[in-house]
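Colleague: You'll find query.txt just under this line, and it carries compact mmCIF, C-alpha atoms.
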# COMPACT_ATOMS: atom_id res chain seq x y z
CA MET C 20 -17.15 50.05 59.73
CA ARG C 21 -18.34 48.35 56.57
CA ILE C 22 -16.82 44.96 57.29
CA ILE C 23 -18.38 42.14 55.28
CA GLY C 24 -16.91 39.09 57.00
CA PRO C 25 -13.90 36.77 57.17
CA ASP C 26 -12.22 36.59 53.74
CA GLU C 27 -9.36 34.27 54.60
CA LEU C 28 -7.71 32.45 57.49
CA VAL C 29 -3.96 31.88 57.58
CA PHE C 30 -2.55 28.85 59.44
CA GLY C 31 0.94 27.73 60.42
CA VAL C 32 0.59 23.95 60.38
CA ASP C 33 2.52 20.93 61.40
CA ASP C 34 2.02 18.73 58.30
CA LEU C 35 1.53 20.63 55.04
CA GLU C 36 0.79 17.62 52.84
CA ALA C 37 -1.79 16.23 55.25
CA CYS C 38 -3.50 19.63 55.31
CA ARG C 39 -3.38 19.87 51.51
CA THR C 40 -5.11 16.50 51.22
CA PHE C 41 -7.70 17.45 53.80
CA LEU C 42 -8.57 20.85 52.28
CA THR C 43 -8.95 19.30 48.84
CA ASP C 44 -11.15 16.48 50.13
CA TYR C 45 -13.21 19.01 52.11
CA GLY C 46 -14.05 20.59 48.73
CA LEU C 47 -11.88 23.70 48.46
CA THR C 48 -9.95 24.32 45.24
CA GLU C 49 -6.17 24.60 45.35
CA ALA C 50 -5.15 28.03 44.04
CA GLY C 51 -1.37 27.87 44.09
CA TRP C 52 0.97 25.43 45.86
CA SER C 53 4.68 25.38 46.60
CA ASP C 54 6.97 23.87 49.22
CA ALA C 55 5.98 26.78 51.42
CA GLY C 56 2.31 25.85 51.32
CA GLY C 57 -0.70 27.19 49.45
CA THR C 58 -4.13 28.77 49.33
CA PHE C 59 -7.42 26.92 48.93
CA VAL C 60 -10.55 28.75 47.81
CA ALA C 61 -14.30 28.37 48.03
CA LEU C 62 -16.59 29.19 45.10
CA ASP C 63 -16.59 32.92 45.98
CA ASN C 64 -12.79 33.08 46.44
CA THR C 65 -12.84 33.23 50.26
CA ALA C 66 -9.91 31.14 51.35
CA ILE C 67 -7.76 29.09 53.69
CA THR C 68 -3.99 29.59 53.44
CA ILE C 69 -1.55 27.15 54.99
CA ARG C 70 2.15 27.57 55.67
CA ASN C 71 4.63 25.63 57.72
CA ARG C 72 4.43 26.37 61.44
CA ASP C 73 8.01 27.73 61.36
CA ASP C 74 7.55 29.95 58.30
CA ALA C 75 9.32 33.21 59.10
CA GLY C 76 6.87 35.18 56.97
CA LEU C 77 3.91 34.43 59.24
CA PRO C 78 2.66 36.72 62.00
CA LYS C 79 3.89 35.54 65.39
CA GLN C 80 2.23 32.60 67.06
CA LEU C 81 -0.15 33.03 69.97
CA ALA C 82 1.45 31.97 73.27
CA SER C 83 -0.85 28.93 73.28
CA GLY C 84 0.84 27.58 70.13
CA ASN C 85 -2.45 27.62 68.21
CA THR C 86 -2.19 27.10 64.45
CA LEU C 87 -4.23 30.20 63.49
CA ARG C 88 -1.82 33.00 62.57
CA GLN C 89 -4.08 35.61 60.96
CA THR C 90 -7.76 36.40 60.41
CA VAL C 91 -8.30 38.42 57.24
CA TYR C 92 -11.48 40.50 57.07
CA GLY C 93 -12.95 41.71 53.80
CA VAL C 94 -14.41 45.21 53.80
CA GLU C 95 -16.51 47.05 51.25
CA ASP C 96 -14.02 49.67 50.03
CA ALA C 97 -10.82 51.56 50.67
CA ALA C 98 -12.66 54.21 52.68
CA SER C 99 -13.68 51.49 55.16
CA ILE C 100 -10.04 50.53 55.61
CA ASP C 101 -9.19 54.18 56.28
CA ALA C 102 -11.94 54.35 58.91
CA ILE C 103 -10.71 51.18 60.65
CA GLU C 104 -7.12 52.42 60.53
CA ALA C 105 -8.13 55.72 62.11
CA GLU C 106 -10.12 54.00 64.86
CA LEU C 107 -7.69 51.25 65.81
CA GLY C 108 -4.60 53.41 65.28
CA LYS C 109 -5.66 55.40 68.36
CA ASP C 110 -4.25 52.75 70.68
CA ARG C 111 -2.16 50.21 68.75
CA GLU C 112 0.23 49.89 65.85
CA VAL C 113 -1.53 49.56 62.51
CA ILE C 114 0.67 48.74 59.54
CA ARG C 115 -0.16 49.29 55.86
CA ASP C 116 1.00 46.26 53.91
CA GLY C 117 1.73 47.96 50.58
CA ASN C 118 -1.33 46.44 48.90
CA GLY C 119 -3.86 48.75 50.52
CA ALA C 120 -4.56 46.38 53.41
CA ILE C 121 -3.85 47.05 57.08
CA VAL C 122 -2.54 44.65 59.73
CA CYS C 123 -2.86 44.93 63.49
CA GLU C 124 -3.83 42.94 66.58
CA ASP C 125 -7.18 42.86 68.34
CA ASP C 126 -7.27 43.39 72.11
CA LEU C 127 -6.51 39.74 72.81
CA GLY C 128 -3.50 39.36 70.56
CA PHE C 129 -5.21 37.81 67.51
CA THR C 130 -3.56 39.15 64.35
CA LEU C 131 -6.06 40.77 62.00
CA LYS C 132 -5.82 42.06 58.46
CA PHE C 133 -8.41 44.27 56.78
CA GLN C 134 -8.54 44.39 52.97
CA VAL C 135 -11.01 45.33 50.27
CA THR C 136 -12.80 42.01 50.03
CA ARG C 137 -11.42 39.28 47.78
CA ARG C 138 -14.79 37.61 47.56
CA ALA C 139 -16.46 37.46 44.17
CA LYS C 140 -20.16 37.97 43.59
CA VAL C 141 -21.39 34.52 42.64
CA ASP C 142 -24.64 33.56 41.02
CA LEU C 143 -25.42 30.01 42.08
CA GLU C 144 -28.40 27.67 42.22
CA PRO C 145 -30.21 27.49 45.56
CA GLU C 146 -31.46 24.22 46.99
CA ARG C 147 -34.99 23.89 45.67
CA VAL C 148 -37.52 22.16 47.90
CA ASN C 149 -41.00 20.97 46.90
CA SER C 150 -43.32 21.83 49.83
CA PRO C 151 -47.01 20.73 49.70
CA GLY C 152 -49.26 23.74 50.07
CA ALA C 153 -46.80 25.97 48.23
CA ALA C 154 -45.87 26.20 44.56
CA PRO C 155 -43.30 23.52 43.65
CA ALA C 156 -39.82 25.04 43.82
CA ARG C 157 -38.02 22.38 41.82
CA GLY C 158 -40.29 21.88 38.88
CA PHE C 159 -41.25 18.90 36.77
CA ASN C 160 -38.74 16.17 36.02
CA LYS C 161 -35.93 17.95 37.91
CA ILE C 162 -34.19 15.54 40.31
CA GLY C 163 -33.40 16.55 43.89
CA ALA C 164 -31.25 13.56 44.92
CA ASN C 165 -28.14 13.88 42.78
CA GLU C 166 -25.40 11.67 44.17
CA ALA C 167 -22.91 13.08 41.69
CA ALA C 168 -23.51 16.72 42.64
CA GLU C 169 -20.33 18.68 43.21
CA ALA C 170 -20.84 19.86 46.85
CA LYS C 171 -18.22 22.59 46.89
CA PRO C 172 -18.10 25.04 49.81
CA ARG C 173 -19.49 28.36 48.61
CA THR C 174 -18.18 30.92 51.09
CA LEU C 175 -16.33 31.21 54.41
CA SER C 176 -19.21 31.50 56.85
CA HIS C 177 -17.93 31.97 60.39
CA ILE C 178 -15.20 31.44 62.94
CA VAL C 179 -15.22 30.73 66.65
CA TYR C 180 -12.39 31.89 68.88
CA PHE C 181 -11.24 30.46 72.18
CA THR C 182 -10.59 33.62 74.19
CA PRO C 183 -9.19 34.14 77.69
CA ASP C 184 -11.23 37.31 78.24
CA MET C 185 -14.63 37.29 76.65
CA PRO C 186 -15.98 40.65 77.87
CA LYS C 187 -12.82 42.34 76.60
CA MET C 188 -13.10 40.61 73.24
CA GLU C 189 -16.80 41.41 72.86
CA LYS C 190 -16.13 45.06 73.75
CA PHE C 191 -13.44 45.27 71.07
CA TYR C 192 -15.55 43.83 68.25
CA VAL C 193 -18.76 45.62 69.21
CA GLU C 194 -17.48 49.02 70.33
CA ARG C 195 -14.42 49.47 68.11
CA LEU C 196 -15.36 47.53 64.97
CA LYS C 197 -19.15 47.93 65.30
CA PHE C 198 -20.09 44.27 65.05
CA VAL C 199 -23.73 43.64 66.01
CA VAL C 200 -24.86 41.13 68.68
CA THR C 201 -27.52 38.86 67.17
CA ASP C 202 -28.06 36.38 70.03
CA ARG C 203 -26.21 35.34 73.18
CA PHE C 204 -25.50 32.20 75.20
CA THR C 205 -25.41 33.43 78.82
CA GLY C 206 -21.91 33.30 80.25
CA LEU C 207 -20.59 31.63 77.10
CA GLY C 208 -20.63 34.37 74.51
CA PRO C 209 -22.35 36.51 71.89
CA PHE C 210 -23.07 35.68 68.25
CA LEU C 211 -21.73 38.62 66.24
CA ARG C 212 -22.16 39.86 62.70
CA PRO C 213 -20.23 42.75 61.14
CA GLN C 214 -22.17 45.74 59.83
CA ALA C 215 -22.05 44.86 56.13
CA CYS C 216 -23.13 41.25 56.75
CA ILE C 217 -26.66 39.83 56.92
CA ASP C 218 -25.77 36.36 58.25
CA HIS C 219 -26.74 35.53 61.84
CA HIS C 220 -23.09 35.37 62.80
CA THR C 221 -19.57 35.41 61.42
CA LEU C 222 -17.95 35.41 64.85
CA PHE C 223 -18.64 33.55 68.07
CA MET C 224 -16.34 33.19 71.05
CA LEU C 225 -15.81 30.73 73.88
CA HIS C 226 -14.28 31.70 77.20
CA THR C 227 -11.29 29.43 77.99
CA PRO C 228 -8.01 29.57 79.93
CA PRO C 229 -5.13 31.42 78.18
CA TYR C 230 -3.31 28.23 77.20
CA MET C 231 -6.19 27.40 74.89
CA GLN C 232 -6.43 30.71 73.04
CA GLY C 233 -6.94 30.25 69.33
CA LEU C 234 -9.44 29.07 66.74
CA GLU C 235 -12.00 26.55 67.91
CA HIS C 236 -13.59 26.02 64.51
CA LEU C 237 -14.35 27.55 61.15
CA ALA C 238 -17.27 26.93 58.80
CA PHE C 239 -18.06 27.24 55.12
CA HIS C 240 -21.60 27.69 53.79
CA MET C 241 -22.94 24.95 51.54
CA GLN C 242 -25.82 25.28 49.04
CA GLY C 243 -28.32 23.77 51.47
CA PRO C 244 -28.95 20.87 53.85
CA THR C 245 -28.82 18.21 51.13
CA GLU C 246 -25.47 19.36 49.81
CA LEU C 247 -24.19 19.50 53.39
CA MET C 248 -25.24 15.89 53.98
CA LEU C 249 -23.65 14.83 50.70
CA ALA C 250 -20.35 16.58 51.48
CA GLY C 251 -20.25 15.22 55.02
CA SER C 252 -21.03 11.65 54.03
CA ARG C 253 -18.29 11.80 51.40
CA MET C 254 -15.85 12.85 54.12
CA ILE C 255 -16.98 9.90 56.25
CA LYS C 256 -16.54 7.51 53.31
CA LYS C 257 -12.98 8.80 52.89
CA GLY C 258 -12.25 7.95 56.52
CA TYR C 259 -12.42 11.45 58.01
CA GLU C 260 -13.49 11.89 61.61
CA SER C 261 -16.87 13.46 62.37
CA PHE C 262 -16.85 15.47 65.60
CA TRP C 263 -20.44 16.74 65.94
CA GLY C 264 -23.38 16.45 63.62
CA PRO C 265 -25.15 16.46 61.36
CA GLY C 266 -27.78 18.55 63.13
CA ARG C 267 -29.51 21.90 63.10
CA HIS C 268 -28.65 24.71 65.55
CA LYS C 269 -31.34 26.75 67.22
CA PHE C 270 -29.53 30.10 67.29
CA GLY C 271 -28.73 30.88 63.67
CA SER C 272 -30.86 27.94 62.45
CA ASN C 273 -27.96 26.64 60.41
CA TRP C 274 -27.50 22.97 59.73
CA PHE C 275 -24.06 21.88 60.90
CA TRP C 276 -21.55 19.03 60.61
CA TYR C 277 -18.11 19.38 62.18
CA PHE C 278 -15.01 17.36 61.33
CA ASN C 279 -11.55 16.97 62.87
CA ALA C 280 -8.73 18.31 60.69
CA PRO C 281 -4.93 18.17 60.56
CA LEU C 282 -4.97 21.99 60.76
CA ALA C 283 -5.79 21.33 64.44
CA THR C 284 -9.15 23.05 64.40
CA HIS C 285 -12.61 21.80 63.51
CA PHE C 286 -13.89 22.30 59.98
CA GLU C 287 -17.65 22.68 59.72
CA TYR C 288 -20.06 22.51 56.82
CA ASP C 289 -23.07 24.71 57.49
CA ALA C 290 -26.22 25.57 55.53
CA ASP C 291 -29.38 27.66 55.58
CA MET C 292 -28.40 30.19 58.24
CA ASP C 293 -30.85 32.90 59.26
CA ILE C 294 -30.26 36.44 58.03
CA HIS C 295 -30.90 39.50 60.18
CA ASP C 296 -31.10 43.26 60.03
CA ASP C 297 -31.12 46.00 62.65
CA ASP C 298 -34.80 45.35 63.49
CA TRP C 299 -33.82 42.11 65.23
CA THR C 300 -33.98 41.88 69.04
CA PRO C 301 -31.25 39.59 70.43
CA ARG C 302 -32.32 36.49 72.33
CA GLU C 303 -30.43 35.07 75.29
CA THR C 304 -30.45 31.61 76.81
CA ASP C 305 -28.24 29.27 78.82
CA VAL C 306 -26.07 26.98 76.76
CA GLY C 307 -26.46 23.24 76.97
CA ALA C 308 -27.13 20.20 74.82
CA GLU C 309 -30.78 21.24 74.51
CA SER C 310 -30.21 24.84 73.47
CA ALA C 311 -27.30 23.96 71.16
CA GLN C 312 -29.44 22.14 68.59
CA MET C 313 -32.98 21.26 67.49
CA PHE C 314 -31.94 17.69 66.74
CA LEU C 315 -28.75 15.75 66.22
CA PHE C 316 -28.12 12.79 63.94
CA GLU C 317 -25.30 10.39 63.31
CA ASN C 318 -24.17 9.07 59.96
CA VAL C 319 -24.61 5.29 59.84
CA ASP C 320 -23.86 2.61 57.27
CA LYS C 321 -26.44 2.31 54.53
CA TRP C 322 -29.09 -0.33 55.12
CA PHE C 323 -32.39 -1.24 53.59
CA PRO C 324 -35.28 -3.38 54.78
CA GLY C 325 -34.55 -6.64 52.94
CA GLY C 326 -36.29 -10.01 53.53
CA PRO C 327 -35.69 -12.24 56.60
CA ASP C 328 -32.18 -13.80 56.78
CA ASP C 329 -31.87 -17.43 55.85
CA ASP C 330 -30.94 -19.51 58.88
CA HIS C 331 -28.90 -22.13 57.08
CA MET Z 10 -8.58 2.77 70.87
CA PHE Z 11 -5.40 3.03 68.82
CA ILE Z 12 -1.90 1.59 68.99
CA VAL Z 13 1.31 3.37 68.02
CA ARG Z 14 4.31 1.24 67.14
CA ARG Z 15 7.87 2.42 67.69
CA GLY Z 16 10.28 -0.25 66.51
CA ASP Z 17 8.98 -3.31 68.29
CA ARG Z 18 7.38 -1.45 71.19
CA LEU Z 19 3.62 -0.87 71.16
CA PHE Z 20 1.74 1.88 72.98
CA ALA Z 21 -2.03 1.49 73.20
CA TRP Z 22 -4.30 4.37 74.14
CA ARG Z 23 -8.01 5.08 74.34
CA ASN Z 24 -9.12 7.20 71.38
CA ALA Z 25 -10.40 9.89 73.75
CA CYS Z 26 -8.77 13.28 74.13
CA PRO Z 27 -8.92 14.45 77.79
CA HIS Z 28 -10.17 17.81 76.44
CA TYR Z 29 -13.85 16.79 76.03
CA ASP Z 30 -16.05 13.72 76.61
CA HIS Z 31 -15.92 11.24 73.73
CA ALA Z 32 -13.48 13.38 71.74
CA ARG Z 33 -12.05 11.17 69.01
CA MET Z 34 -8.59 12.24 67.98
CA ALA Z 35 -7.67 11.20 64.44
CA TRP Z 36 -8.21 13.52 61.46
CA ARG Z 37 -8.64 10.53 59.19
CA LYS Z 38 -8.64 6.76 59.71
CA ASP Z 39 -5.38 5.76 61.42
CA GLU Z 40 -3.97 9.31 61.31
CA PHE Z 41 -3.18 10.01 64.97
CA LEU Z 42 0.35 11.46 64.72
CA ASN Z 43 1.87 14.85 63.96
CA GLY Z 44 3.84 15.57 60.79
CA ASP Z 45 7.22 14.23 61.90
CA ARG Z 46 5.68 11.29 63.78
CA SER Z 47 7.17 12.41 67.09
CA ARG Z 48 3.91 13.02 68.94
CA ILE Z 49 0.29 11.97 69.01
CA MET Z 50 -1.77 14.96 67.88
CA CYS Z 51 -5.46 15.42 68.53
CA ALA Z 52 -7.01 16.78 65.34
CA ALA Z 53 -9.73 18.61 67.22
CA HIS Z 54 -7.57 21.43 68.61
CA GLY Z 55 -3.96 20.33 68.16
CA ALA Z 56 -3.13 18.94 71.61
CA MET Z 57 0.18 17.05 71.45
CA PHE Z 58 0.82 13.93 73.54
CA GLU Z 59 4.00 11.96 74.21
CA ILE Z 60 3.65 8.61 72.45
CA GLU Z 61 5.19 6.60 75.30
CA THR Z 62 3.56 8.27 78.30
CA GLY Z 63 0.36 9.77 76.88
CA ILE Z 64 1.04 13.07 78.63
CA CYS Z 65 -0.21 16.23 76.91
CA THR Z 66 2.77 18.53 76.36
CA ILE Z 67 0.98 21.42 74.64
CA GLY Z 68 -2.61 22.27 73.81
CA PRO Z 69 -5.96 22.60 75.55
CA CYS Z 70 -5.29 19.95 78.19
CA PRO Z 71 -1.69 20.38 79.36
CA GLY Z 72 -0.58 17.94 82.00
CA LYS Z 73 -3.54 15.66 81.39
CA ARG Z 74 -2.91 12.28 79.87
CA LEU Z 75 -4.44 9.73 77.57
CA LYS Z 76 -5.94 6.59 79.13
CA LYS Z 77 -3.75 3.57 78.63
CA VAL Z 78 -5.14 0.29 77.27
CA GLU Z 79 -3.27 -2.73 78.63
CA ILE Z 80 -2.08 -4.97 75.86
CA GLU Z 81 0.30 -7.87 75.49
CA VAL Z 82 1.89 -9.54 72.51
CA ARG Z 83 1.63 -13.33 72.32
CA ASN Z 84 3.23 -15.09 69.37
CA GLY Z 85 3.16 -11.97 67.26
CA GLU Z 86 -0.50 -11.20 68.00
CA VAL Z 87 -1.69 -8.23 70.01
CA TRP Z 88 -4.13 -9.06 72.82
CA ILE Z 89 -6.05 -6.70 75.07
CA VAL Z 90 -5.51 -7.57 78.74
CA GLY Z 91 -8.66 -7.67 80.83
CA ARG Z 92 -12.04 -6.26 79.92
CA TYR Z 93 -12.46 -3.63 77.23
CA ALA Z 94 -15.49 -1.93 75.72
CA PRO Z 95 -15.48 0.88 73.17
CA GLY Z 96 -16.34 4.20 74.78
CA MET Z 97 -18.70 5.44 72.09
CA ARG Z 98 -21.14 8.26 72.67
CA PRO Z 99 -24.55 6.91 73.72
CA ARG Z 100 -27.02 6.84 70.84
CA ALA Z 101 -30.66 7.70 71.37
CA GLY Z 102 -32.91 4.71 70.85
CA VAL Z 103 -30.05 2.20 70.92
CA HIS Z 104 -29.84 -0.06 73.96
CA GLN Z 105 -26.43 0.22 75.61
CA ASP Z 106 -25.16 -2.81 77.57
Output the structure of this file as structure tokens.
Modeller:
Amino acid sequence: MRIIGPDELVFGVDDLEACRTFLTDYGLTEAGWSDAGGTFVALDNTAITIRNRDDAGLPKQLASGNTLRQTVYGVEDAASIDAIEAELGKDREVIRDGNGAIVCEDDLGFTLKFQVTRRAKVDLEPERVNSPGAAPARGFNKIGANEAAEAKPRTLSHIVYFTPDMPKMEKFYVERLKFVVTDRFTGLGPFLRPQACIDHHTLFMLHTPPYMQGLEHLAFHMQGPTELMLAGSRMIKKGYESFWGPGRHKFGSNWFWYFNAPLATHFEYDADMDIHDDDWTPRETDVGAESAQMFLFENVDKWFPGGPDDDH
Amino acid sequence: MFIVRRGDRLFAWRNACPHYDHARMAWRKDEFLNGDRSRIMCAAHGAMFEIETGICTIGPCPGKRLKKVEIEVRNGEVWIVGRYAPGMRPRAGVHQD
């Protein structure tokens, strides 16, 4: 099952213009807009598509009313789509959409689409860090702190579902679609990566009551921690609402910063996630504030140590 | 906290979704409402609340309600009645009164 990862998420939202403003400020590029909504892409063409909640062309809503209407997975080639169709077609309806992609539901009612990936191979600069004891990575006269840097999300990194039946969901993704468990929070859920993906995780899940089923958050990868901080602080300056972060997770090692969004799910910037192969042995631990991060910071107003205040 | 005005009636609520501790609700400064301005919407996971009662009608905390902040209007100014302190998340290293 040569699935690479999430290519695109499709939402039925309450306020299209608010979402358009948000997605643009978050750093995605608008790739087509009409009264019906539009698509917003990262640097590698992975995307967020928004439509009106009542748009008749969308897959049906989850009973919870959640805004996520479809998760689109990119796979390596047409043969991979055939393999997925053969496997899932054993026990559910799988529809070919006329463009080579297939659409069906997972075992919990989330609508999925599988297509040959839309993501482009991109050749981009990494974050270069000068570390004493090692050869300088950034080189002479090259500046690390660039306030004018673009800070555009590079690729759709991962999603987290609220699911009413976690064992059932894990079984579906691991046994049917051959996702690999990288690590696990006991009782909370597994971190999963699809077979053709090296990232620590593209899917995580949280066990919740049925009325909460839906998307808890999504994340895009940034160039590195500095770009993440720059993007997040720009969001704060624009008045957006930070939910959690910035910080660095333990499982996955990725830096994170989550924001509220009018799409009614959290939008995260992440950076510098671990990569894994089949030699990795999964870890397991209880979830809590301690295991959820190495450290956690809060963005504050700029300050500098000036002289003592005058008293008169 | 935030205040929603409908005509000349004001409804003041703690900026704290009953879904999590310290869950602030706007998606951007002053943006607490849904698209047609009929409901308060929490921009964390889309919970919708009645503006006048604070009751969650759909979303992750159905039946729960927002905490009311008592206010009164005196000569066109809005006053908080009684004691009020912001319910911000505790910050490490910062002394909380």
Colleague: Using all atoms listed in the file, which chain Z residues lie at most 9 Å away from chain C, written as a ChimeraX atom specification?
Modeller: /Z:32-40,43-45,50-56,67-71,100
Colleague: Can you write out the residues you just picked, keeping C-alpha atoms, as a PDB file, in the frame of the given file?
Modeller:
ATOM      1  CA  ALA Z  32     -13.480  13.380  71.740  1.00  0.00           C
ATOM      2  CA  ARG Z  33     -12.050  11.170  69.010  1.00  0.00           C
ATOM      3  CA  MET Z  34      -8.590  12.240  67.980  1.00  0.00           C
ATOM      4  CA  ALA Z  35      -7.670  11.200  64.440  1.00  0.00           C
ATOM      5  CA  TRP Z  36      -8.210  13.520  61.460  1.00  0.00           C
ATOM      6  CA  ARG Z  37      -8.640  10.530  59.190  1.00  0.00           C
ATOM      7  CA  LYS Z  38      -8.640   6.760  59.710  1.00  0.00           C
ATOM      8  CA  ASP Z  39      -5.380   5.760  61.420  1.00  0.00           C
ATOM      9  CA  GLU Z  40      -3.970   9.310  61.310  1.00  0.00           C
ATOM     10  CA  ASN Z  43       1.870  14.850  63.960  1.00  0.00           C
ATOM     11  CA  GLY Z  44       3.840  15.570  60.790  1.00  0.00           C
ATOM     12  CA  ASP Z  45       7.220  14.230  61.900  1.00  0.00           C
ATOM     13  CA  MET Z  50      -1.770  14.960  67.880  1.00  0.00           C
ATOM     14  CA  CYS Z  51      -5.460  15.420  68.530  1.00  0.00           C
ATOM     15  CA  ALA Z  52      -7.010  16.780  65.340  1.00  0.00           C
ATOM     16  CA  ALA Z  53      -9.730  18.610  67.220  1.00  0.00           C
ATOM     17  CA  HIS Z  54      -7.570  21.430  68.610  1.00  0.00           C
ATOM     18  CA  GLY Z  55      -3.960  20.330  68.160  1.00  0.00           C
ATOM     19  CA  ALA Z  56      -3.130  18.940  71.610  1.00  0.00           C
ATOM     20  CA  ILE Z  67       0.980  21.420  74.640  1.00  0.00           C
ATOM     21  CA  GLY Z  68      -2.610  22.270  73.810  1.00  0.00           C
ATOM     22  CA  PRO Z  69      -5.960  22.600  75.550  1.00  0.00           C
ATOM     23  CA  CYS Z  70      -5.290  19.950  78.190  1.00  0.00           C
ATOM     24  CA  PRO Z  71      -1.690  20.380  79.360  1.00  0.00           C
ATOM     25  CA  ARG Z 100     -27.020   6.840  70.840  1.00  0.00           C
TER      26      ARG Z 100
END
Colleague: Taking 2 positions as the minimum chain separation for residues in the same chain, which residues sit within 8 Å of Pro209 (chain C) when counting all atoms listed in the file? Answer as a list of chain:residue names.
Modeller: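 The neighbour list is C:Glu189, C:Val200, C:Thr201, C:Asp202, C:Arg203, C:Phe204, C:Leu207, C:Leu211, C:Phe223, C:Met224.
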Colleague: Kindly indicate which residue among C:Phe181, C:Phe59, C:Phe191, C:Phe198 lies nearest to Asp110 (chain C), using only C-alpha atoms for the distances.
Modeller: C:Phe191
Colleague: Report, as JSON, the axis-aligned box around all atoms of region 71-78 of chain Z present in the file, extended by 6 Å on each side; give centre and edge lengths in Å to one decimal place.
Modeller:
{"center_x": -3.3, "center_y": 10.3, "center_z": 79.6, "size_x": 17.4, "size_y": 32.1, "size_z": 16.7}
Colleague: Report as an NGL selection string all protein, DNA and RNA residues lying within 9 Å of Ala25 (chain Z), evaluated on all atoms listed in the file, omitting residues in the same chain fewer than 3 positions from it.
Modeller: :Z and (10 or 22 or 28-34 or 75-76 or 96)
Colleague: Work out how far CA of Glu95 (chain C) is from CA of Lys140 (chain C), in Å to one decimal.
Modeller: 12.4 Å
Colleague: What separation in Å, quoted to one decimal, exists between CA of Ala156 (chain C) and CA of Arg267 (chain C)?
Modeller: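 Atom-to-atom, CA of Ala156 (chain C) and CA of Arg267 (chain C) are spaced 22.1 Å apart.
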Colleague: Separation of CA of Ile89 (chain Z) and CA of Asn318 (chain C), in Å?
Modeller: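 Going from CA of Ile89 (chain Z) over to CA of Asn318 (chain C), I get 28.4 Å.
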